[in-house]
Amino acid sequence: MEKIQLATCIYCLRQGVKFNKDHVIPEAFGTYGSQTMTLTREVCWDCNAYFGDNIELVVARGGLEAIERIHHGLKPMSELNQINRDRISAELGDGPMVGTKIEPVTHGNIPQVGLKLKNKEKRDHFTLNQLEGMERLDLERYDTKATNGILLGADTRETQNHLISELGRLGIRFRETGRAPGANGRLPVDYSFVIDSLTMRMMAKIAFSYSAKMRGGAYLLKKDFDEIRRFIRYDERPIPRPVKPTTKQLLRNELRGWRITDGHLVVSDAVHPGRELVAHVSLFNQLPYRIVLCSSYSGKIIYRSFGHHFDFKNKTISELYPLA
Ligand SMILES: [Zn+2]
């Protein structure tokens, strides 16, 4: 007799629920026409909505991935104000104003002061918002009396006065001695971005949904995958952590500093029983993440690794071939 199995959601393990189309690569990171990789009977409506609203939306609007979306035109300019400034910041990486905080998306001005550190050529920069929130400042750290000891970054006289009065409140007297030179040409920008549990869960979810696509959803219902499943769905964090950024080079024929693609890469490795089953995800071929899908795999040997290249520019998906 043939067994009829009820479809089960690979994330919450519920049966008899409504299913929804799940994009292996969240739509915010590109679509691929008729090739778009989706799951239709593996992820339930609730889980799909939860991931979209709570993980993908947040990561797509803040972090390295958000900057890359803007650089590659995957984010309309009209939505720039939705970028979450708590998850990304940017500063000038060189020149006389090095360290100056700039607006991460438009590279516009941010009102701030730069205070020279004692015995160093470096400055600490504080935005007006940060100054306003400060009770006190460790004055011993700074050489505010030196020439160029205090830099004010303000584009109106009003903002400048506001900065000066905040400094005064914290015990620093500002006296204008000159104007800093304007920046000549293009300066490098250093970004700081958050990699947190939301980032990790999004990467793990891509790897997990990809594995469901390549190996079948039923396969991922095994107990082996409960830890990663619960991490992705409920933020239950196992120790050791299952997701880590790595320096691993995913494409063999790519030399350091020279990238063949800006597309996304997803790879799920071959595995032997008792070993870790590992996948890698690298959005925009930037920072790769190593994801342990299960720490001690109990199934049969999987001889093949699977990998795909998601080229959002040409809207194509192509298979990656492992070199033996
Ligand atoms: Zn579910």
# chains A, B, ... in the order shown; residues from 1 in each chain; ligands from 1
>>> residues_near_ligand(ligand="ligand 1", cutoff="7 Å", atoms="only C-alpha atoms and all ligand atoms", output="list of chain:residue names")
A:Cys9, A:Ile10, A:Tyr11, A:Cys12, A:Leu13, A:Arg14, A:Val43, A:Cys44, A:Trp45, A:Asp46, A:Cys47
>>> residues_around(residues="Trp258 in chain A", least_positions_apart="4", cutoff="12 Å", atoms="only C-alpha atoms", output="list in words")
Gln249, Leu251, Arg252, Asn253, Glu254, Asp262, Asn285 and Gln286 of chain A
>>> residues_around(residues="Leu74 in chain A", least_positions_apart="2", cutoff="7 Å", atoms="only C-alpha atoms", output="PDB file with N, CA and C atoms, in the first residue's frame")
ATOM      1  N   PHE A  29      16.895  40.553  -2.625  1.00  0.00           N
ATOM      2  CA  PHE A  29      18.237  40.371  -3.166  1.00  0.00           C
ATOM      3  C   PHE A  29      18.208  39.909  -4.618  1.00  0.00           C
ATOM      4  N   GLY A  30      17.113  40.195  -5.280  1.00  0.00           N
ATOM      5  CA  GLY A  30      17.037  39.917  -6.710  1.00  0.00           C
ATOM      6  C   GLY A  30      16.046  38.815  -7.049  1.00  0.00           C
ATOM      7  N   ARG A  69      22.952  46.161  -1.716  1.00  0.00           N
ATOM      8  CA  ARG A  69      21.704  46.314  -2.473  1.00  0.00           C
ATOM      9  C   ARG A  69      21.652  47.691  -3.123  1.00  0.00           C
ATOM     10  N   ILE A  70      22.118  48.703  -2.413  1.00  0.00           N
ATOM     11  CA  ILE A  70      22.108  50.056  -2.968  1.00  0.00           C
ATOM     12  C   ILE A  70      23.122  50.153  -4.104  1.00  0.00           C
ATOM     13  N   HIS A  72      24.167  47.948  -6.067  1.00  0.00           N
ATOM     14  CA  HIS A  72      23.767  47.178  -7.241  1.00  0.00           C
ATOM     15  C   HIS A  72      22.381  47.537  -7.750  1.00  0.00           C
ATOM     16  N   PRO A  76      15.460  50.700  -4.669  1.00  0.00           N
ATOM     17  CA  PRO A  76      15.129  51.967  -5.319  1.00  0.00           C
ATOM     18  C   PRO A  76      15.603  53.142  -4.471  1.00  0.00           C
TER      19      PRO A  76
END
>>> residues_around(residues="range 300-313 of chain A", least_positions_apart="5", cutoff="6 Å", atoms="only C-alpha atoms", output="list in words")
Gly30, Gly263, His264, Leu265, Val266, Val267, Ser268, Asp269, Ala270, Val271, His272, Ser318, Glu319 and Leu320 of chain A
>>> write_last_selection(atoms="C-alpha atoms", output="PDB file, in the first residue's frame")
ATOM      1  CA  GLY A  30      17.037  39.917  -6.710  1.00  0.00           C
ATOM      2  CA  GLY A 263      26.083  37.467  -7.739  1.00  0.00           C
ATOM      3  CA  HIS A 264      25.075  35.359  -4.737  1.00  0.00           C
ATOM      4  CA  LEU A 265      26.672  31.978  -4.057  1.00  0.00           C
ATOM      5  CA  VAL A 266      25.130  29.102  -2.137  1.00  0.00           C
ATOM      6  CA  VAL A 267      26.907  25.782  -1.625  1.00  0.00           C
ATOM      7  CA  SER A 268      25.906  22.698   0.346  1.00  0.00           C
ATOM      8  CA  ASP A 269      28.759  20.257   0.979  1.00  0.00           C
ATOM      9  CA  ALA A 270      29.124  16.500   0.655  1.00  0.00           C
ATOM     10  CA  VAL A 271      29.090  14.691   4.023  1.00  0.00           C
ATOM     11  CA  HIS A 272      29.906  11.399   5.759  1.00  0.00           C
ATOM     12  CA  SER A 318      23.573  28.518 -12.845  1.00  0.00           C
ATOM     13  CA  GLU A 319      25.045  25.464 -11.207  1.00  0.00           C
ATOM     14  CA  LEU A 320      28.521  25.566  -9.691  1.00  0.00           C
TER      15      LEU A 320
END
>>> residues_around(residues="Lys116 in chain A", least_positions_apart="5", cutoff="9 Å", atoms="only C-alpha atoms", output="list in words")
Glu121, Lys122, Arg123, Asp124, His125, Arg141, Tyr142, Asp143, Thr144, Ala146, Asn148, Gly149, Ile150 and Leu151 of chain A
>>> write_last_selection(atoms="N, CA and C atoms", output="mmCIF file, in the first residue's frame")
data_model
loop_
_atom_site.group_PDB
_atom_site.id
_atom_site.type_symbol
_atom_site.label_atom_id
_atom_site.label_comp_id
_atom_site.auth_asym_id
_atom_site.auth_seq_id
_atom_site.Cartn_x
_atom_site.Cartn_y
_atom_site.Cartn_z
ATOM 1 N N GLU A 121 47.785 60.946 16.492
ATOM 2 C CA GLU A 121 47.302 61.772 15.385
ATOM 3 C C GLU A 121 45.835 61.477 15.076
ATOM 4 N N LYS A 122 45.257 60.625 15.890
ATOM 5 C CA LYS A 122 43.874 60.212 15.630
ATOM 6 C C LYS A 122 42.861 61.072 16.379
ATOM 7 N N ARG A 123 41.639 61.039 15.903
ATOM 8 C CA ARG A 123 40.554 61.734 16.587
ATOM 9 C C ARG A 123 39.422 60.765 16.887
ATOM 10 N N ASP A 124 38.717 61.061 17.945
ATOM 11 C CA ASP A 124 37.422 60.407 18.168
ATOM 12 C C ASP A 124 36.359 61.348 17.636
ATOM 13 N N HIS A 125 35.425 60.804 16.898
ATOM 14 C CA HIS A 125 34.343 61.636 16.363
ATOM 15 C C HIS A 125 33.034 61.347 17.083
ATOM 16 N N ARG A 141 41.425 62.205 28.061
ATOM 17 C CA ARG A 141 41.822 61.479 26.837
ATOM 18 C C ARG A 141 42.198 62.410 25.695
ATOM 19 N N TYR A 142 41.717 63.656 25.764
ATOM 20 C CA TYR A 142 41.807 64.508 24.573
ATOM 21 C C TYR A 142 42.701 65.711 24.758
ATOM 22 N N ASP A 143 43.324 66.087 23.647
ATOM 23 C CA ASP A 143 44.184 67.246 23.621
ATOM 24 C C ASP A 143 43.418 68.352 22.904
ATOM 25 N N THR A 144 42.440 68.937 23.607
ATOM 26 C CA THR A 144 41.537 69.874 22.936
ATOM 27 C C THR A 144 42.169 71.252 22.760
ATOM 28 N N ALA A 146 45.287 71.727 21.560
ATOM 29 C CA ALA A 146 46.219 71.704 20.422
ATOM 30 C C ALA A 146 45.603 72.398 19.213
ATOM 31 N N ASN A 148 44.143 72.339 15.774
ATOM 32 C CA ASN A 148 43.347 71.242 15.225
ATOM 33 C C ASN A 148 42.904 70.229 16.297
ATOM 34 N N GLY A 149 42.906 70.657 17.531
ATOM 35 C CA GLY A 149 42.491 69.755 18.620
ATOM 36 C C GLY A 149 41.011 69.420 18.543
ATOM 37 N N ILE A 150 40.246 70.381 18.051
ATOM 38 C CA ILE A 150 38.798 70.161 17.921
ATOM 39 C C ILE A 150 38.384 70.462 16.484
ATOM 40 N N LEU A 151 37.744 69.528 15.855
ATOM 41 C CA LEU A 151 37.178 69.779 14.526
ATOM 42 C C LEU A 151 35.665 69.851 14.675
#
>>> select_by_dssp(residues="range 23-241 of chain A", states="helix (DSSP H, G or I)", output="NGL selection string")
:A and (27-29 or 33-35 or 45-60 or 64-71 or 77-82 or 128-132 or 139-141 or 157-169 or 197-215 or 217-221 or 223-234)
>>> atom_distance(atom1="CA of Gly63 in chain A", atom2="CA of Thr199 in chain A")
8.3 Å
